[in-house]
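In what follows, a structure is listed as structure tokens, so that the remarks can point back to it.
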Amino acid sequence: MPWSAEQLRSVYTNVYANRVVCPTCDGSLKLSRSKAAGEFGRVECSRCNESHNIAQRNDPLRDSFREYTEGERKEIIAADKRRIEPVCPIDRTTMIVYAQRSLALNSQVRVRCPRCGGEVHFKRLYG
Ligand SMILES: [Zn+2]
Ligand SMILES: [Zn+2]
């Protein structure tokens, strides 16, 4: 039986939280990561003979994906300053922080949501 809309929602939430579990049988899903832009990868349950391509365009929340507001950007930067992992305000996924040191005291920081692809760029100052 194909995964229902509700089951698919839980697959997305779980996969982005590193829990790759089948919503029908609770068995682990086989995950084949994709390198394509906007795609996470294909999950597959051999027991239920079910699979799904986890991608931004297939995401049950895709209609809510949008640019961050100015206030949301500030909150993401504030979380990074407090050394807390920023969480995407749209889909509540833990964001990934990429920091690259440029000048002696600065880092160029890119914070990205792996789910909706939202990004915030800013400069982190030390000292
Ligand atoms: Zn299953
Ligand atoms: Zn997001």
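Residue numbering restarts at 1 in every chain; chains get A, B, ... in the order shown in the structure tokens, and ligands count up from 1 in that same order.
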
Report as a tab-separated table: every residue of chain A with an atom at most 6 Å from ligand 1, its closest pair of atoms, and their distance in Å to one decimal, counting only C-alpha atoms and all ligand atoms, with rows sorted by chain and ascending residue number.
residue	atom	partner	partner_atom_place_in_ligand_line	distance
A:Cys22	CA	ligand 1	1 (Zn)	4.6
A:Thr24	CA	ligand 1	1 (Zn)	5.0
A:Cys25	CA	ligand 1	1 (Zn)	4.2
A:Gly27	CA	ligand 1	1 (Zn)	5.6
A:Cys45	CA	ligand 1	1 (Zn)	4.8
A:Arg47	CA	ligand 1	1 (Zn)	5.1
A:Cys48	CA	ligand 1	1 (Zn)	4.3

May I have the selected residues written with all heavy atoms, as a CSV table (one decimal), in the first residue's frame?
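Writing the result to selection_14.csv gives the following:
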chain,number,residue,atom,x,y,z
A,22,CYS,N,10.7,3.3,8.1
A,22,CYS,CA,9.5,3.2,7.4
A,22,CYS,C,8.2,3.5,8.2
A,22,CYS,O,8.1,2.9,9.3
A,22,CYS,CB,9.4,1.8,6.8
A,22,CYS,SG,7.8,1.4,6.0
A,24,THR,N,5.3,2.5,7.8
A,24,THR,CA,4.3,1.4,7.8
A,24,THR,C,4.8,0.3,8.8
A,24,THR,O,4.1,-0.2,9.6
A,24,THR,CB,4.1,0.9,6.4
A,24,THR,OG1,3.7,1.9,5.6
A,24,THR,CG2,3.0,-0.2,6.4
A,25,CYS,N,6.0,-0.1,8.6
A,25,CYS,CA,6.5,-1.3,9.3
A,25,CYS,C,7.5,-1.0,10.3
A,25,CYS,O,8.0,-1.9,11.0
A,25,CYS,CB,7.0,-2.4,8.3
A,25,CYS,SG,8.6,-1.9,7.5
A,27,GLY,N,10.5,-0.6,10.0
A,27,GLY,CA,11.8,-1.1,9.6
A,27,GLY,C,12.7,0.0,9.1
A,27,GLY,O,12.2,1.1,8.8
A,45,CYS,N,11.7,1.0,1.2
A,45,CYS,CA,11.4,-0.1,2.2
A,45,CYS,C,11.2,-1.4,1.4
A,45,CYS,O,10.3,-1.5,0.6
A,45,CYS,CB,10.2,0.2,3.0
A,45,CYS,SG,10.0,-1.2,4.2
A,47,ARG,N,10.6,-4.3,2.6
A,47,ARG,CA,9.6,-5.1,3.2
A,47,ARG,C,8.2,-4.7,2.6
A,47,ARG,O,7.4,-5.5,2.3
A,47,ARG,CB,9.6,-5.0,4.7
A,47,ARG,CG,9.6,-6.3,5.4
A,47,ARG,CD,9.3,-6.2,6.8
A,47,ARG,NE,10.4,-5.6,7.6
A,47,ARG,CZ,10.3,-5.5,8.9
A,47,ARG,NH1,9.3,-6.0,9.6
A,47,ARG,NH2,11.3,-5.0,9.6
A,48,CYS,N,8.0,-3.4,2.5
A,48,CYS,CA,6.7,-2.9,2.0
A,48,CYS,C,6.7,-2.6,0.5
A,48,CYS,O,5.7,-2.3,0.0
A,48,CYS,CB,6.3,-1.6,2.7
A,48,CYS,SG,6.3,-1.7,4.5

Legend entry - Neighbourhood of ligand 2 at 12 Å, counting only C-alpha atoms and all ligand atoms, reported as a ChimeraX atom specification: /A:12-13,16,38,56,59,61-68,72,76,86-96,111-120

Inset, instruction - Can you work out the spacing between CA of Leu105 (chain A) and CA of Ala79 (chain A) in Å, to one decimal? - result: 19.5 Å

Inset, instruction - Extract the full set of strand (DSSP E) residues from region 58-126 of chain A according to DSSP on the backbone, and format it as a ChimeraX atom specification. - result: /A:96-101,106-112,119-125

Inset, instruction - Can you work out the spacing between CA of Glu39 (chain A) and CA of Ala55 (chain A) in Å, to one decimal? - result: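 Computed distance, CA of Glu39 (chain A) to CA of Ala55 (chain A), equals 4.1 Å.
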
Inset, instruction - Check the DSSP output for the backbone and give back, as an MDAnalysis selection string, the residues of region 28-103 of chain A in helix (DSSP H, G or I). - result: chainID A and resid 56:58 62:64 70:81

Prev. selection, all heavy atoms, output as a tab-separated table (two decimals), in the first residue's frame:
chain	number	residue	atom	x	y	z
A	56	GLN	N	12.94	18.64	-2.76
A	56	GLN	CA	12.16	19.85	-2.47
A	56	GLN	C	10.85	19.88	-3.25
A	56	GLN	O	9.81	20.25	-2.74
A	56	GLN	CB	12.99	21.09	-2.81
A	56	GLN	CG	13.90	21.50	-1.66
A	56	GLN	CD	14.99	22.46	-2.10
A	56	GLN	OE1	14.79	23.25	-3.02
A	56	GLN	NE2	16.14	22.39	-1.48
A	57	ARG	N	10.90	19.43	-4.51
A	57	ARG	CA	9.68	19.53	-5.34
A	57	ARG	C	8.62	18.50	-4.94
A	57	ARG	O	7.45	18.67	-5.29
A	57	ARG	CB	10.03	19.39	-6.82
A	57	ARG	CG	10.57	18.04	-7.20
A	57	ARG	CD	10.79	17.88	-8.70
A	57	ARG	NE	11.28	16.54	-8.97
A	57	ARG	CZ	12.52	16.11	-8.75
A	57	ARG	NH1	13.43	16.95	-8.26
A	57	ARG	NH2	12.88	14.87	-8.98
A	58	ASN	N	9.01	17.44	-4.20
A	58	ASN	CA	8.04	16.44	-3.76
A	58	ASN	C	7.62	16.63	-2.30
A	58	ASN	O	6.81	15.88	-1.79
A	58	ASN	CB	8.65	15.03	-3.87
A	58	ASN	CG	8.97	14.66	-5.31
A	58	ASN	OD1	8.34	15.16	-6.23
A	58	ASN	ND2	9.95	13.80	-5.49
A	62	ARG	N	6.10	21.78	0.49
A	62	ARG	CA	6.72	22.66	-0.51
A	62	ARG	C	5.96	23.97	-0.74
A	62	ARG	O	6.58	24.99	-1.04
A	62	ARG	CB	6.92	21.93	-1.84
A	62	ARG	CG	5.63	21.52	-2.51
A	62	ARG	CD	5.92	20.67	-3.75
A	62	ARG	NE	4.69	20.14	-4.33
A	62	ARG	CZ	4.05	19.06	-3.90
A	62	ARG	NH1	4.55	18.37	-2.88
A	62	ARG	NH2	2.93	18.66	-4.46
A	63	ASP	N	4.64	23.94	-0.55
A	63	ASP	CA	3.87	25.16	-0.77
A	63	ASP	C	4.18	26.24	0.25
A	63	ASP	O	3.89	27.41	0.02
A	63	ASP	CB	2.36	24.86	-0.75
A	63	ASP	CG	1.95	24.06	-1.98
A	63	ASP	OD1	2.70	24.08	-2.98
A	63	ASP	OD2	0.88	23.43	-1.94
A	64	SER	N	4.76	25.83	1.38
A	64	SER	CA	5.08	26.83	2.40
A	64	SER	C	6.53	27.32	2.28
A	64	SER	O	6.94	28.21	3.00
A	64	SER	CB	4.82	26.27	3.80
A	64	SER	OG	5.67	25.16	4.03
A	70	GLU	N	13.18	39.23	7.21
A	70	GLU	CA	14.30	39.89	7.87
A	70	GLU	C	14.40	39.42	9.34
A	70	GLU	O	15.48	39.14	9.83
A	70	GLU	CB	14.11	41.40	7.78
A	70	GLU	CG	15.38	42.20	7.89
A	70	GLU	CD	16.56	41.63	7.08
A	70	GLU	OE1	16.36	41.32	5.88
A	70	GLU	OE2	17.65	41.49	7.65
A	71	GLY	N	13.26	39.32	10.01
A	71	GLY	CA	13.23	38.90	11.41
A	71	GLY	C	13.74	37.47	11.58
A	71	GLY	O	14.47	37.17	12.52
A	72	GLU	N	13.37	36.60	10.65
A	72	GLU	CA	13.82	35.21	10.72
A	72	GLU	C	15.32	35.11	10.50
A	72	GLU	O	16.02	34.35	11.17
A	72	GLU	CB	13.07	34.37	9.67
A	72	GLU	CG	11.61	34.13	10.05
A	72	GLU	CD	10.76	33.57	8.91
A	72	GLU	OE1	11.20	33.63	7.74
A	72	GLU	OE2	9.66	33.08	9.19
A	73	ARG	N	15.81	35.90	9.54
A	73	ARG	CA	17.27	35.91	9.31
A	73	ARG	C	18.01	36.31	10.58
A	73	ARG	O	19.01	35.72	10.97
A	73	ARG	CB	17.62	36.95	8.23
A	73	ARG	CG	17.36	36.47	6.84
A	73	ARG	CD	17.59	37.58	5.83
A	73	ARG	NE	16.99	37.18	4.57
A	73	ARG	CZ	17.58	36.35	3.71
A	73	ARG	NH1	18.78	35.89	3.93
A	73	ARG	NH2	16.95	36.00	2.61
A	74	LYS	N	17.48	37.36	11.25
A	74	LYS	CA	18.14	37.84	12.47
A	74	LYS	C	18.14	36.76	13.54
A	74	LYS	O	19.11	36.61	14.28
A	74	LYS	CB	17.43	39.10	12.99
A	74	LYS	CG	17.88	40.34	12.23
A	74	LYS	CD	17.29	41.60	12.82
A	74	LYS	CE	17.70	42.80	11.96
A	74	LYS	NZ	16.61	43.75	11.79
A	75	GLU	N	17.05	36.00	13.64
A	75	GLU	CA	16.99	34.94	14.66
A	75	GLU	C	17.98	33.82	14.37
A	75	GLU	O	18.58	33.27	15.29
A	75	GLU	CB	15.58	34.35	14.72
A	75	GLU	CG	14.70	35.09	15.70
A	75	GLU	CD	13.33	34.49	15.81
A	75	GLU	OE1	13.25	33.25	15.91
A	75	GLU	OE2	12.36	35.26	15.78
A	76	ILE	N	18.15	33.50	13.10
A	76	ILE	CA	19.10	32.46	12.72
A	76	ILE	C	20.52	32.90	13.07
A	76	ILE	O	21.31	32.14	13.64
A	76	ILE	CB	18.97	32.14	11.21
A	76	ILE	CG1	17.61	31.45	10.95
A	76	ILE	CG2	20.13	31.28	10.72
A	76	ILE	CD1	17.20	31.39	9.49
A	77	ILE	N	20.83	34.16	12.78
A	77	ILE	CA	22.17	34.69	13.09
A	77	ILE	C	22.36	34.75	14.61
A	77	ILE	O	23.42	34.40	15.12
A	77	ILE	CB	22.35	36.08	12.44
A	77	ILE	CG1	22.30	35.94	10.91
A	77	ILE	CG2	23.65	36.73	12.89
A	77	ILE	CD1	22.19	37.24	10.15
A	78	ALA	N	21.31	35.12	15.33
A	78	ALA	CA	21.40	35.20	16.80
A	78	ALA	C	21.64	33.81	17.40
A	78	ALA	O	22.43	33.66	18.34
A	78	ALA	CB	20.12	35.81	17.37
A	79	ALA	N	20.99	32.79	16.85
A	79	ALA	CA	21.21	31.42	17.35
A	79	ALA	C	22.66	31.03	17.15
A	79	ALA	O	23.30	30.48	18.06
A	79	ALA	CB	20.29	30.44	16.61
A	80	ASP	N	23.21	31.33	15.98
A	80	ASP	CA	24.62	31.01	15.71
A	80	ASP	C	25.53	31.73	16.70
A	80	ASP	O	26.50	31.15	17.19
A	80	ASP	CB	24.97	31.38	14.27
A	80	ASP	CG	26.43	31.08	13.96
A	80	ASP	OD1	26.76	29.89	13.81
A	80	ASP	OD2	27.24	32.03	13.91
A	81	LYS	N	25.20	32.97	17.00
A	81	LYS	CA	26.02	33.74	17.96
A	81	LYS	C	26.00	33.11	19.33
A	81	LYS	O	26.98	33.14	20.05
A	81	LYS	CB	25.48	35.17	18.06
A	81	LYS	CG	26.09	36.08	17.00
A	81	LYS	CD	25.92	37.55	17.38
A	81	LYS	CE	26.50	38.40	16.26
A	81	LYS	NZ	25.53	39.35	15.72

Inset, instruction - For CA of Ser4 (chain A) and CA of Ser32 (chain A), quote the distance in Å rounded to one decimal. - result: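 CA of Ser32 (chain A) lies 21.4 Å from CA of Ser4 (chain A).
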
Inset, instruction - Identify which of the residues A:Thr69, A:Asn106, A:Ser34, A:Ser28 lies closest to Ile54 (chain A), counting only C-alpha atoms when measuring atom-to-atom distances. - result: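 Closest residue, counting only C-alpha atoms: A:Ser34.
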